[in-house]
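So the structure is just underneath, and the comments pick up after that.
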Amino acid sequence: MKNLRRVFRYYVVRRLISYFFTIYLAFTLTFFFFRLIPGNPIGAFIVSMQQRYSTGVLQSSEGDIVERYKEMFGLNGSLFTQYIKYVKNLLKGNLGPSLTAFPTPAQKLIIESLPWTIGLLGLSVFISWLIGLIIGVLIGWKRDLLFSKLIAGLAIFFSQIPQYFFAIFLVFVFAYVLFILPSSGAYDAFLRPGFYFKFIASVLKHAILPSLSIILASAAGWIISSRALVISILNEDYLIFAEAKGLKPFTILRNYVMKNVLLPQVTGLAISLGFIMNGAYIVEWVFNYPGIGRLMTNAIGILDFNLIQGITLLSIITVLTANLIIDLILPILDPRVRSGQ
Amino acid sequence: MRQTQFDPKLIIGGIIISLLIFLVLFQPLLNRAIIGDVNPLTVGIFPIYELPSLRHPLGTDRFGRDVLAVTLLSLRYSLIVGAIAGAISTIIGIIVGFSAGYKGGLIDTLLRGLTDTILVIPSLPILMILSAYVKALNIITMAFILTIFSWPFSARVIRSQVMSIKNASYIDLAKLNYMSDFEIISLEILPNLLPFLGVSFAGSVVGAMLAATGLEVLGLGPSGITTLGMMINFAIGQGALSMGKWNLIFPPIFMLILVFLGVQLVNMGLESTYNPRLRR
């Protein structure tokens with residue numbers, strides 16, 4: 001037992017090292033990739049400033065001004081000095097000013113968008129997981145019924161359709177043909193954000209279509225995998241034994257089948273939750289939803305380096321953290337992994 | 001001897017894919033039959049916003065172009081982009097996957113590290129940046145951009161197949177006969193993996209088309225041509241949704257779903273036909 005604990009501690013340390021190393025590697029790769037993009041965001045920014053406040057002063061000392069702004073955005077000096085400077089600021093929790101809403105710091109914009117993405121995607125991913133798990137287990141358990149086959153076929157069909165196709169279809173039907181749900185935004189523009197009934201109702205109403213499009217697309221995947229997991233254990237000896245013992249089908253389903261399905265599916269859920277920062281860019285674009293995806297799309301449009309880099313880093317860390325948590329918790333939950341089988 | 005039972009999924013998928021290949025190959029002829037001998041992208045040859053009729057089965061768009069003819073041309077270009085990207089990533093996948101799987105060692109470690117890292121980096125933003133800031137985005141550059149994120153996965157699955165086959169007894173026999181590594185790979189392993197490589201290629205094509213469609217829907221497609229994703233972007237941009245113009249937006253979506261579904265059905269069908277454990 002003591003030996004086992006030492007093995008586990010060794011495993012945790014090794015896993016943590018690889019966690020930090022992968023974050024560092026992915027961050028560094030993306031940093032240099034972004035800086036190598038041809039494009040002159042500062043130039044474009046200054047031109048737009050000049051158009052807005054057209055004065056002769058700007059033109060006379062333009063070189064100076066470009067240098068000052070480059071300094072401010074961390075874009076002056078060699079790539080390597082830019083990198084060092086960025087990492088130094090990053091460790092202080094500063095992602096630098098954004099171009100999208102100059103001079104608001106990038107981290108502030110990200111934090112403002114975060115609740116929308118986490119709320120919309122987190123909930124949608126969880127709901128689709130739950131629906132998929134229940135339906136998948138049931139149609140796997142009764143897989144010879146015509147109904148089960150029908151649902152399984154439908155799930156295969158739905159799983160091949162990208163989320164934003166559902167989004168387009170739902171907007172078309174519910175917002176423009178039936179006129180019963182809003183087509184864009186996260187809440188009615190005339191409402192002030194706050195915790196009162198009218199605002200919350202408006203948020204929920206605006207969330208129905210985007211979350212439904214995510215649920216329709218991803219529930220199908222969960223149905224397929226849950227069904228396959230159930231079918232793979234249907235012929236196991238312990239199930240036949242439980243049946244022979246005369247246990248009620250529901251008891252078998254709850255105590256024997258679910259136990260086997262739940263563990264891999266919970267793992268899968270955690271991994272999908274880790275990917276929510278990377279997901280739904282196009283769904284957010286279709287609905288003009290003010291989440292991380294729309295922020296990133298806008299940032300790419302004007303080459304807002306600090307914002308792009310910040311969001312990318314956030315996605316990388318979220319994905320890796322979800323994986324880390326799984327890898328650390330799984331040995332505690334699963335007796336098979338624990339004993340090293 | 002028992003006859004091989006073909007899964008109905010394989011048959012349905014095969015029919016869908018054959019139909020699509022037919023549409024792509026005979027696109028010029030079909031185009032002539034629908035609108036005559038003109039480029040479907042020519043502006044203003046027909047009245048604008050016509051509803052579907054016998055003359056224009058899917059109506060016309062705001063530039064007076066026949067939607068069916070444009071859809072068929074877009075299908076052709078979309079599949080070409082997907083096929084080029086799929087071919088490049090399969091070729092890279094074969095080279096890297098074979099060296100990693102057969103030789104192991106450093107290449108193997110590097111490949112695993114690379115796929116793990118790439119899996120973590122959000123791919124859509126990177127692809128968006130590349131397609132937005134690459135000068136002269138055409139079919140070929142688009143295909144190369146799409147390959148960046150897809151080849152490591154081809155390499156990874158091909159590697160695992162090579163690993164599973166390299167310890168077979170006929171490979172040992174070949175080694176006893178003093179065949180070189182190159183001979184073993186090209187004469188023994190490659191022919192045995194051909195069907196698998198075909199499936200892997202189809203998977204890469206679909207992956208590339210999915211990524212390409214995402215970019216094009218956001219308005220980042222190659223210039224000068226039309227693809228299914230660009231049709232969707234164009235229709236949304238012109239307000240087809242709010243005007244209730246289903247005939248502008250759903251044909252390209254329908255075609256893309258057919259492509260994705262067809263390949264997936266063939267994959268699943270092949271697996272359950274040749275992997276008897278799944279067929280119960």
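By order in the structure tokens, chains are A, B, ...; within a chain, residues start at 1; ligands start at 1, following the order shown.
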| task | Please provide as a list in words all residues within 8 Å of segment 102-113 of chain A, with the sequence filter that same-chain residues fewer than 5 positions apart are discarded (counting only C-alpha atoms). | result | Asn94, Leu95, Gly96, Pro97, Pro290, Gly291, Ile292, Leu295, Asn306, Leu307, Gly310 and Ile311 of chain A
Could you write out the selected residues, including C-alpha atoms, as an mmCIF file, in the first residue's frame?
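Produced file result.cif, reproduced below:
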```
data_model
loop_
_atom_site.group_PDB
_atom_site.id
_atom_site.type_symbol
_atom_site.label_atom_id
_atom_site.label_comp_id
_atom_site.auth_asym_id
_atom_site.auth_seq_id
_atom_site.Cartn_x
_atom_site.Cartn_y
_atom_site.Cartn_z
ATOM 1 C CA ASN A 94 -1.392 41.859 -17.552
ATOM 2 C CA LEU A 95 -2.176 40.920 -21.145
ATOM 3 C CA GLY A 96 -1.542 44.404 -22.481
ATOM 4 C CA PRO A 97 -3.924 46.975 -23.988
ATOM 5 C CA PRO A 290 -21.255 38.473 -26.983
ATOM 6 C CA GLY A 291 -19.033 35.583 -25.884
ATOM 7 C CA ILE A 292 -15.362 34.697 -26.271
ATOM 8 C CA LEU A 295 -14.519 38.655 -29.219
ATOM 9 C CA ASN A 306 -2.859 41.108 -27.244
ATOM 10 C CA LEU A 307 -6.468 39.975 -27.307
ATOM 11 C CA GLY A 310 -4.841 36.234 -24.403
ATOM 12 C CA ILE A 311 -7.836 34.232 -25.623
#
```
Return as a CSV table (one decimal) with C-alpha atoms, in the first residue's frame the residues belonging to chain B that are within 10 Å of chain A, counting only C-alpha atoms.
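Written output follows (part.csv):
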```
chain,number,residue,atom,x,y,z
B,9,LYS,CA,-24.8,1.6,-43.8
B,113,GLY,CA,4.5,15.5,-28.6
B,114,LEU,CA,3.4,17.4,-31.7
B,116,ASP,CA,-0.6,16.4,-28.2
B,117,THR,CA,0.4,20.1,-28.5
B,118,ILE,CA,-1.6,20.7,-31.7
B,119,LEU,CA,-4.7,19.1,-30.1
B,120,VAL,CA,-4.5,21.7,-27.4
B,121,ILE,CA,-4.1,24.8,-29.6
B,122,PRO,CA,-7.5,26.2,-30.7
B,123,SER,CA,-7.4,25.5,-34.5
B,124,LEU,CA,-10.2,27.7,-35.8
B,125,PRO,CA,-8.6,31.0,-34.8
B,126,ILE,CA,-5.3,30.1,-36.2
B,128,MET,CA,-8.9,32.2,-39.5
B,129,ILE,CA,-5.8,34.3,-39.1
B,130,LEU,CA,-4.0,32.4,-41.8
B,132,ALA,CA,-7.3,36.3,-43.5
B,133,TYR,CA,-3.7,37.4,-43.8
B,134,VAL,CA,-2.3,35.1,-46.5
B,135,LYS,CA,-2.0,37.0,-49.7
B,210,LEU,CA,-15.5,20.8,-42.2
B,213,THR,CA,-16.7,25.4,-44.4
B,214,GLY,CA,-16.3,26.9,-41.0
B,215,LEU,CA,-13.8,29.5,-42.4
B,217,VAL,CA,-19.1,30.7,-43.5
B,218,LEU,CA,-17.2,33.4,-41.6
B,232,ILE,CA,-23.8,30.1,-47.1
B,236,ILE,CA,-26.5,35.2,-44.8
B,240,ALA,CA,-31.5,35.5,-47.1
B,241,LEU,CA,-32.6,34.4,-43.6
B,242,SER,CA,-34.6,37.4,-42.7
B,243,MET,CA,-36.2,37.5,-46.2
B,244,GLY,CA,-37.2,33.8,-45.8
B,245,LYS,CA,-35.2,32.8,-48.9
B,246,TRP,CA,-34.8,29.1,-48.0
B,249,ILE,CA,-29.3,29.0,-47.9
B,250,PHE,CA,-30.4,25.4,-47.7
B,253,ILE,CA,-26.1,23.1,-46.4
B,254,PHE,CA,-27.9,20.0,-47.8
B,256,LEU,CA,-22.4,19.4,-47.2
B,257,ILE,CA,-24.5,17.2,-45.0
B,258,LEU,CA,-24.7,14.6,-47.8
B,259,VAL,CA,-20.9,14.6,-48.1
B,260,PHE,CA,-20.3,14.3,-44.3
B,261,LEU,CA,-23.0,11.7,-43.9
B,262,GLY,CA,-21.9,9.6,-46.9
B,263,VAL,CA,-18.3,9.3,-45.7
B,264,GLN,CA,-19.3,8.6,-42.2
B,265,LEU,CA,-21.8,5.8,-43.2
B,268,MET,CA,-19.1,2.8,-40.1
B,277,ARG,CA,-16.8,-8.3,-33.1
B,278,LEU,CA,-19.1,-5.3,-33.6
B,280,ARG,CA,-23.7,-9.2,-33.1
```
Which residues, written as a short mmCIF file (atom, residue, chain, number, x, y, z; two decimals) with N, CA and C atoms, in the first residue's frame, have at least one atom at most 12 Å from Lys166 of chain B, with only C-alpha atoms counted and residues fewer than 2 positions away on the same chain left out?
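Output (part.cif):
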```
data_model
loop_
_atom_site.label_atom_id
_atom_site.label_comp_id
_atom_site.auth_asym_id
_atom_site.auth_seq_id
_atom_site.Cartn_x
_atom_site.Cartn_y
_atom_site.Cartn_z
N PHE B 98 4.66 6.09 -41.11
CA PHE B 98 5.44 4.88 -41.36
C PHE B 98 6.78 4.94 -40.65
N SER B 99 7.44 6.11 -40.73
CA SER B 99 8.74 6.14 -40.06
C SER B 99 8.58 6.05 -38.55
N ALA B 100 7.54 6.69 -38.02
CA ALA B 100 7.36 6.62 -36.57
C ALA B 100 6.93 5.22 -36.14
N GLY B 101 6.01 4.63 -36.90
CA GLY B 101 5.49 3.32 -36.50
C GLY B 101 6.49 2.21 -36.73
N TYR B 102 7.25 2.29 -37.82
CA TYR B 102 8.15 1.19 -38.15
C TYR B 102 9.47 1.31 -37.41
N LYS B 103 9.98 2.52 -37.32
CA LYS B 103 11.28 2.71 -36.70
C LYS B 103 11.17 3.06 -35.21
N GLY B 104 10.08 3.76 -34.85
CA GLY B 104 9.93 4.19 -33.46
C GLY B 104 10.97 5.24 -33.11
N ARG B 159 0.31 5.54 -38.03
CA ARG B 159 1.35 4.97 -37.17
C ARG B 159 0.82 3.78 -36.38
N SER B 160 -0.39 3.95 -35.81
CA SER B 160 -0.88 2.85 -34.97
C SER B 160 -1.17 1.62 -35.82
N GLN B 161 -1.61 1.82 -37.06
CA GLN B 161 -1.84 0.67 -37.94
C GLN B 161 -0.53 -0.03 -38.28
N VAL B 162 0.51 0.79 -38.57
CA VAL B 162 1.81 0.19 -38.89
C VAL B 162 2.33 -0.60 -37.69
N MET B 163 2.16 -0.02 -36.50
CA MET B 163 2.60 -0.71 -35.29
C MET B 163 1.93 -2.08 -35.17
N SER B 164 0.62 -2.12 -35.50
CA SER B 164 -0.10 -3.37 -35.29
C SER B 164 0.29 -4.42 -36.32
N ALA B 168 3.75 -8.87 -37.53
CA ALA B 168 3.14 -10.06 -38.12
C ALA B 168 4.23 -11.01 -38.60
N SER B 169 3.86 -12.30 -38.71
CA SER B 169 4.91 -13.28 -39.03
C SER B 169 5.46 -13.10 -40.45
N TYR B 170 4.61 -12.60 -41.38
CA TYR B 170 5.15 -12.46 -42.74
C TYR B 170 6.17 -11.34 -42.82
N ILE B 171 6.13 -10.40 -41.87
CA ILE B 171 7.17 -9.38 -41.85
C ILE B 171 8.47 -10.00 -41.35
N ASP B 172 8.36 -10.88 -40.35
CA ASP B 172 9.54 -11.59 -39.88
C ASP B 172 10.17 -12.40 -41.00
N LEU B 173 9.29 -13.05 -41.78
CA LEU B 173 9.78 -13.86 -42.89
C LEU B 173 10.55 -12.99 -43.88
N ALA B 174 9.99 -11.80 -44.16
CA ALA B 174 10.64 -10.89 -45.09
C ALA B 174 12.00 -10.49 -44.56
N LYS B 175 12.08 -10.27 -43.24
CA LYS B 175 13.36 -9.88 -42.65
C LYS B 175 14.37 -11.02 -42.79
N ASP B 181 14.53 -2.40 -45.25
CA ASP B 181 13.38 -1.75 -44.64
C ASP B 181 12.46 -1.14 -45.69
N ILE B 184 10.48 -3.82 -47.36
CA ILE B 184 9.43 -4.34 -46.47
C ILE B 184 8.26 -3.36 -46.42
N ILE B 185 8.61 -2.07 -46.26
CA ILE B 185 7.53 -1.08 -46.16
C ILE B 185 6.73 -1.01 -47.45
N GLU B 188 5.48 -5.03 -48.49
CA GLU B 188 4.71 -5.85 -47.55
C GLU B 188 3.67 -5.03 -46.78
N ILE B 189 4.10 -3.92 -46.17
CA ILE B 189 3.18 -3.21 -45.28
C ILE B 189 2.20 -2.35 -46.06
N LEU B 190 2.73 -1.57 -47.01
CA LEU B 190 1.86 -0.62 -47.73
C LEU B 190 0.68 -1.31 -48.42
N ASN B 192 -0.84 -3.98 -47.71
CA ASN B 192 -1.80 -4.47 -46.74
C ASN B 192 -2.60 -3.35 -46.08
N LEU B 193 -2.04 -2.15 -46.10
CA LEU B 193 -2.75 -1.05 -45.45
C LEU B 193 -3.58 -0.22 -46.43
#
```
Contacts of segment 69-120 of chain B with segment 23-46 of chain B up to 9 Å, shortest pair per row, only C-alpha atoms, as JSON lines:
```
{"residue": "B:Ala69", "atom": "CA", "partner": "B:Asn31", "partner_atom": "CA", "distance": 5.7}
{"residue": "B:Val70", "atom": "CA", "partner": "B:Pro40", "partner_atom": "CA", "distance": 5.6}
{"residue": "B:Leu72", "atom": "CA", "partner": "B:Gln27", "partner_atom": "CA", "distance": 6.4}
{"residue": "B:Leu73", "atom": "CA", "partner": "B:Gln27", "partner_atom": "CA", "distance": 6.7}
{"residue": "B:Leu75", "atom": "CA", "partner": "B:Val24", "partner_atom": "CA", "distance": 7.0}
{"residue": "B:Arg76", "atom": "CA", "partner": "B:Val24", "partner_atom": "CA", "distance": 5.2}
{"residue": "B:Tyr77", "atom": "CA", "partner": "B:Val24", "partner_atom": "CA", "distance": 8.8}
{"residue": "B:Leu79", "atom": "CA", "partner": "B:Val24", "partner_atom": "CA", "distance": 8.3}
```
| query | Expressed in Å to a single decimal, how great is the separation between atom CA of Leu123 of chain A and atom CA of Ser213 of chain A? | reply |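 Between these atoms lies a distance of 12.5 Å.
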